[in-house]
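Have a look at the structure below before the remarks.
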Amino acid sequence: MLSFIIRRILYSLPLLFIISIIIFFIIELPPGDYATWYVSQTKALANITQEQALELTKTLREKYGLNEPVIIRYFNWIKNIVLNFDFGFSMHYNKPVSEMLGDRLPRTLVIALICHFFATTIGVFIGIYAAKNQNKLGDNVATVFAFLGMTIPRFFLALLIMYWLAIVLNSDNTGSMYSPYYAVQPMSFAKLWNGILHIWPIFVIAIIGGLAYNMRVMRGNLLDVMRMQYIETARAKGLSENQTLYRHAVPNALHPLVMFQGIALPYMLMGELEAAIVLSIPTAGPLLVESIQRQDTYTTAAILFCLTVILIIGNIIADILLAILDPRVRQN
């Protein structure tokens, strides 16, 4: 088992390196850079001449090393990550990117993991119920819910919830992580509850989509397994329907679902990011959009790189769980 885990991690390292190259160079593809963005904003707010604009652009590029070739900047960036765990310097926020990630990314990951846990757990049980009651009322209701959860865009759900909170209920629990009073207070139960009142739409939006996917996967897998010959053999031996279902069918139906979890975690993460962007919750989502708009290269690259690491870790964990359930996987 240990050799399987080591092999799986070693296989992921070249993939991570290749993805980091793709991320950095795609960010560099649009014309201009942070210096040109900053100068364009300055020209819009202040009356400066073309010569002053050119001089300011030159100064900023020298200050942040933007005049160096993109290959040199990439290797300096990846070298600092590997050796010093340094993701670079945010040109717009004028602070290390690691500091901003330390504030935003754990918050994003915790929300995504909570959503992932509830979406998977509830989705599995609903999927079992739907498969057990195929073509009955409960199955039909669950199927319609899953269809809506998988097809309605998450940003649209976020807009509906924001409209309902801000316009219908006239609530002030939108657009921030905490109320102004609790924002400066130390962590307490009251502050935690205030944060939940602000971010609960993210949980709802992310869980709905993930729950729908997990329910559909579990239902389909279980229906396939229930038609297998060994299930008929178990019934012929006199096992009850529940014994056959939970002792033999469900454990085998979980195999594809475990494999699916490597994709489901990033799906939860993307759902959290989309909802946070629409609702202006200070997690990694709004920071990613702002850094892209301002061409803040190192901030954008660092967030995308961290999301890639999370995706790869999610797939490794899914492979390990699958190897525990099915020892044959360890031989591959």
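Chain labels run A, B, ... following the order of the structure tokens; each chain numbers its residues from 1, and ligands are numbered from 1 in the order shown.
Residues within 12 Å of A:Ala146, counting only C-alpha atoms and excluding same-chain residues fewer than 4 positions away, are Ala119, Gly123, Ile126, Gly127, Ala130, Asp139, Asn140, Val141, Ala142, Met150, Thr151, Ile152, Ile207, Ile208, Gly209, Gly210, Leu211, Ala212, Tyr213, Asn214, Met215, Arg216, Val217, Met218 and Arg219 of chain A.
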Contact residues around A:Ile316 with only C-alpha atoms at 9 Å, ignoring same-chain residues under 4 positions, as a PyMOL selection string: chain A and resi 5+8-9+12+262+311-312+320-321
For A:Phe24: contacts at 12 Å, only C-alpha atoms, fewer than 2 positions along chain excluded, given as JSON, numbers by chain: {"A": [17, 18, 19, 20, 21, 22, 26, 27, 28, 29, 30, 70, 71, 72, 73, 74, 75, 76, 77, 78, 295, 296, 297, 298, 299, 300, 301, 302, 303, 304, 305]}
Please dump the current selection as a compact mmCIF listing (two decimals), in the first residue's frame; keep N, CA and C atoms.
```
# COMPACT_ATOMS: atom_id res chain seq x y z
N PHE A 17 4.25 20.07 -12.46
CA PHE A 17 5.22 20.95 -13.10
C PHE A 17 4.72 21.43 -14.47
N ILE A 18 4.17 20.52 -15.26
CA ILE A 18 3.66 20.89 -16.58
C ILE A 18 2.49 21.87 -16.46
N ILE A 19 1.60 21.61 -15.51
CA ILE A 19 0.45 22.50 -15.33
C ILE A 19 0.90 23.88 -14.89
N SER A 20 1.93 23.95 -14.05
CA SER A 20 2.43 25.26 -13.60
C SER A 20 2.96 26.07 -14.79
N ILE A 21 3.60 25.39 -15.73
CA ILE A 21 4.08 26.08 -16.94
C ILE A 21 2.91 26.62 -17.74
N ILE A 22 1.89 25.77 -17.93
CA ILE A 22 0.71 26.19 -18.70
C ILE A 22 0.03 27.38 -18.03
N ILE A 26 -0.14 31.01 -19.93
CA ILE A 26 -1.47 31.46 -20.36
C ILE A 26 -1.78 32.82 -19.76
N ILE A 27 -1.38 33.04 -18.52
CA ILE A 27 -1.60 34.35 -17.89
C ILE A 27 -0.85 35.43 -18.65
N GLU A 28 0.29 35.08 -19.21
CA GLU A 28 1.11 36.06 -19.93
C GLU A 28 0.63 36.31 -21.36
N LEU A 29 -0.32 35.52 -21.85
CA LEU A 29 -0.74 35.67 -23.24
C LEU A 29 -1.46 36.99 -23.55
N PRO A 30 -2.36 37.49 -22.69
CA PRO A 30 -3.02 38.76 -23.03
C PRO A 30 -2.02 39.90 -23.17
N VAL A 70 9.76 36.18 -20.09
CA VAL A 70 8.76 35.42 -19.34
C VAL A 70 9.34 34.10 -18.84
N ILE A 71 10.26 33.50 -19.58
CA ILE A 71 10.85 32.23 -19.14
C ILE A 71 11.66 32.43 -17.86
N ILE A 72 12.41 33.53 -17.80
CA ILE A 72 13.21 33.82 -16.60
C ILE A 72 12.29 34.05 -15.41
N ARG A 73 11.21 34.81 -15.63
CA ARG A 73 10.29 35.10 -14.53
C ARG A 73 9.59 33.83 -14.05
N TYR A 74 9.27 32.92 -15.00
CA TYR A 74 8.64 31.68 -14.59
C TYR A 74 9.58 30.85 -13.73
N PHE A 75 10.82 30.67 -14.17
CA PHE A 75 11.75 29.83 -13.41
C PHE A 75 12.09 30.45 -12.05
N ASN A 76 12.16 31.77 -11.98
CA ASN A 76 12.36 32.41 -10.68
C ASN A 76 11.17 32.16 -9.76
N TRP A 77 9.97 32.22 -10.35
CA TRP A 77 8.74 32.02 -9.57
C TRP A 77 8.66 30.59 -9.05
N ILE A 78 8.84 29.60 -9.93
CA ILE A 78 8.72 28.20 -9.51
C ILE A 78 9.86 27.80 -8.58
N GLN A 295 -4.19 42.15 -14.03
CA GLN A 295 -3.00 41.50 -14.58
C GLN A 295 -1.89 41.39 -13.54
N ASP A 296 -2.33 41.08 -12.33
CA ASP A 296 -1.39 40.83 -11.23
C ASP A 296 -0.92 39.38 -11.34
N THR A 297 0.14 39.19 -12.11
CA THR A 297 0.54 37.86 -12.58
C THR A 297 0.75 36.86 -11.45
N TYR A 298 1.54 37.23 -10.46
CA TYR A 298 1.93 36.27 -9.43
C TYR A 298 0.76 35.89 -8.53
N THR A 299 -0.16 36.81 -8.29
CA THR A 299 -1.33 36.48 -7.49
C THR A 299 -2.22 35.50 -8.23
N THR A 300 -2.47 35.78 -9.51
CA THR A 300 -3.30 34.89 -10.32
C THR A 300 -2.66 33.51 -10.44
N ALA A 301 -1.37 33.47 -10.76
CA ALA A 301 -0.69 32.19 -10.93
C ALA A 301 -0.67 31.39 -9.64
N ALA A 302 -0.48 32.07 -8.51
CA ALA A 302 -0.42 31.37 -7.22
C ALA A 302 -1.77 30.74 -6.87
N ILE A 303 -2.86 31.47 -7.09
CA ILE A 303 -4.18 30.92 -6.77
C ILE A 303 -4.48 29.72 -7.66
N LEU A 304 -4.23 29.85 -8.96
CA LEU A 304 -4.50 28.74 -9.88
C LEU A 304 -3.59 27.54 -9.56
N PHE A 305 -2.34 27.82 -9.20
CA PHE A 305 -1.42 26.75 -8.84
C PHE A 305 -1.91 26.01 -7.60
```
Determine, for each residue of stretch 36-126 of chain A having at least one atom at most 8 Å from an atom of stretch 278-286 of chain A, the closest pair of atoms and their separation in Å to one decimal, counting only C-alpha atoms; order by chain and ascending number, as JSON lines.
```
{"residue": "A:Leu101", "atom": "CA", "partner": "A:Ala284", "partner_atom": "CA", "distance": 7.6}
{"residue": "A:Arg104", "atom": "CA", "partner": "A:Thr283", "partner_atom": "CA", "distance": 4.8}
{"residue": "A:Leu105", "atom": "CA", "partner": "A:Ala284", "partner_atom": "CA", "distance": 5.7}
{"residue": "A:Arg107", "atom": "CA", "partner": "A:Thr283", "partner_atom": "CA", "distance": 6.4}
{"residue": "A:Thr108", "atom": "CA", "partner": "A:Thr283", "partner_atom": "CA", "distance": 5.5}
```
Would you save the residues of that selection, restricted to C-alpha atoms, as a PDB file, in the first residue's frame?
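Saved result, result-v1.pdb, follows:
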```
ATOM      1  CA  LEU A 101      -3.270  33.113   0.350  1.00  0.00           C
ATOM      2  CA  ARG A 104      -8.129  33.569   1.856  1.00  0.00           C
ATOM      3  CA  LEU A 105      -7.277  30.011   0.796  1.00  0.00           C
ATOM      4  CA  ARG A 107     -11.248  29.868   4.390  1.00  0.00           C
ATOM      5  CA  THR A 108     -12.078  28.753   0.852  1.00  0.00           C
TER       6      THR A 108
END
```
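Going from atom CA of A:Tyr178 to atom CA of A:Pro96 covers 24.4 Å.
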Mind checking DSSP for stretch 28-262 of chain A and telling me the strand (DSSP E) residues as a tab-separated table (two decimals) with N, CA and C atoms, in the first residue's frame?
```
chain	number	residue	atom	x	y	z
A	89	PHE	N	5.27	38.25	-5.23
A	89	PHE	CA	4.84	39.51	-4.61
A	89	PHE	C	3.67	40.07	-5.40
A	90	SER	N	2.61	40.43	-4.68
A	90	SER	CA	1.45	41.02	-5.34
A	90	SER	C	1.74	42.47	-5.68
A	95	LYS	N	2.05	43.38	-1.25
A	95	LYS	CA	2.35	42.47	-0.14
A	95	LYS	C	2.64	41.09	-0.70
A	96	PRO	N	3.30	40.22	0.05
A	96	PRO	CA	3.58	38.87	-0.46
A	96	PRO	C	2.28	38.12	-0.76
```
Using only C-alpha atoms: which of A:Ile48, A:Asp224, A:Asn170, A:Pro186 has the shortest distance to A:Ala131: A:Asp224
Using only C-alpha atoms, what does the table of stretch 42-153 of chain A residues within 9 Å of stretch 242-258 of chain A look like, with each row giving the shortest atom pair and its distance in Å to one decimal, sorted by chain and ascending number, as CSV?
```
residue,atom,partner,partner_atom,distance
A:Val124,CA,A:Leu257,CA,8.8
A:Ile128,CA,A:Val250,CA,7.9
A:Lys132,CA,A:Leu245,CA,8.5
```
Keeping N, CA and C atoms for every residue in the selection just given, could you write it to a file as a CSV table (one decimal), in the first residue's frame?
```
chain,number,residue,atom,x,y,z
A,124,VAL,N,-25.2,10.2,-1.3
A,124,VAL,CA,-25.1,8.8,-1.3
A,124,VAL,C,-26.4,8.2,-0.8
A,128,ILE,N,-29.1,5.8,-2.8
A,128,ILE,CA,-29.5,4.5,-2.3
A,128,ILE,C,-31.0,4.4,-2.2
A,132,LYS,N,-33.3,2.0,-4.6
A,132,LYS,CA,-34.1,1.0,-3.9
A,132,LYS,C,-35.6,1.2,-4.2
```
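Of the listed residues A:Leu169, A:Leu16, A:Met91, A:Leu288, the one whose atoms come nearest to A:Gly65 is A:Met91, with distances taken using only C-alpha atoms.
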Per-residue DSSP, stretch 53-119 of chain A, filtered to alpha helix (DSSP H), as a ChimeraX atom specification: /A:53-64,70-84,97-119
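Distance-wise, atom CA of A:Arg154 and atom CA of A:Trp200 end up 14.1 Å apart.
Taking only C-alpha atoms, the non-local environment of A:Ala35 within 6 Å (same-chain residues fewer than 3 positions away omitted) comprises Tyr38, Thr57 and Leu60 of chain A.
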Write to file, as a PDB file, in the first residue's frame, the residues of the selection just made, with C-alpha atoms.
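Done, and the output landed in part_10.pdb:
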```pdb
ATOM      1  CA  TYR A  38      -1.804  50.743 -13.625  1.00  0.00           C
ATOM      2  CA  THR A  57       5.434  52.220 -17.172  1.00  0.00           C
ATOM      3  CA  LEU A  60       7.025  49.877 -12.725  1.00  0.00           C
TER       4      LEU A  60
END
```
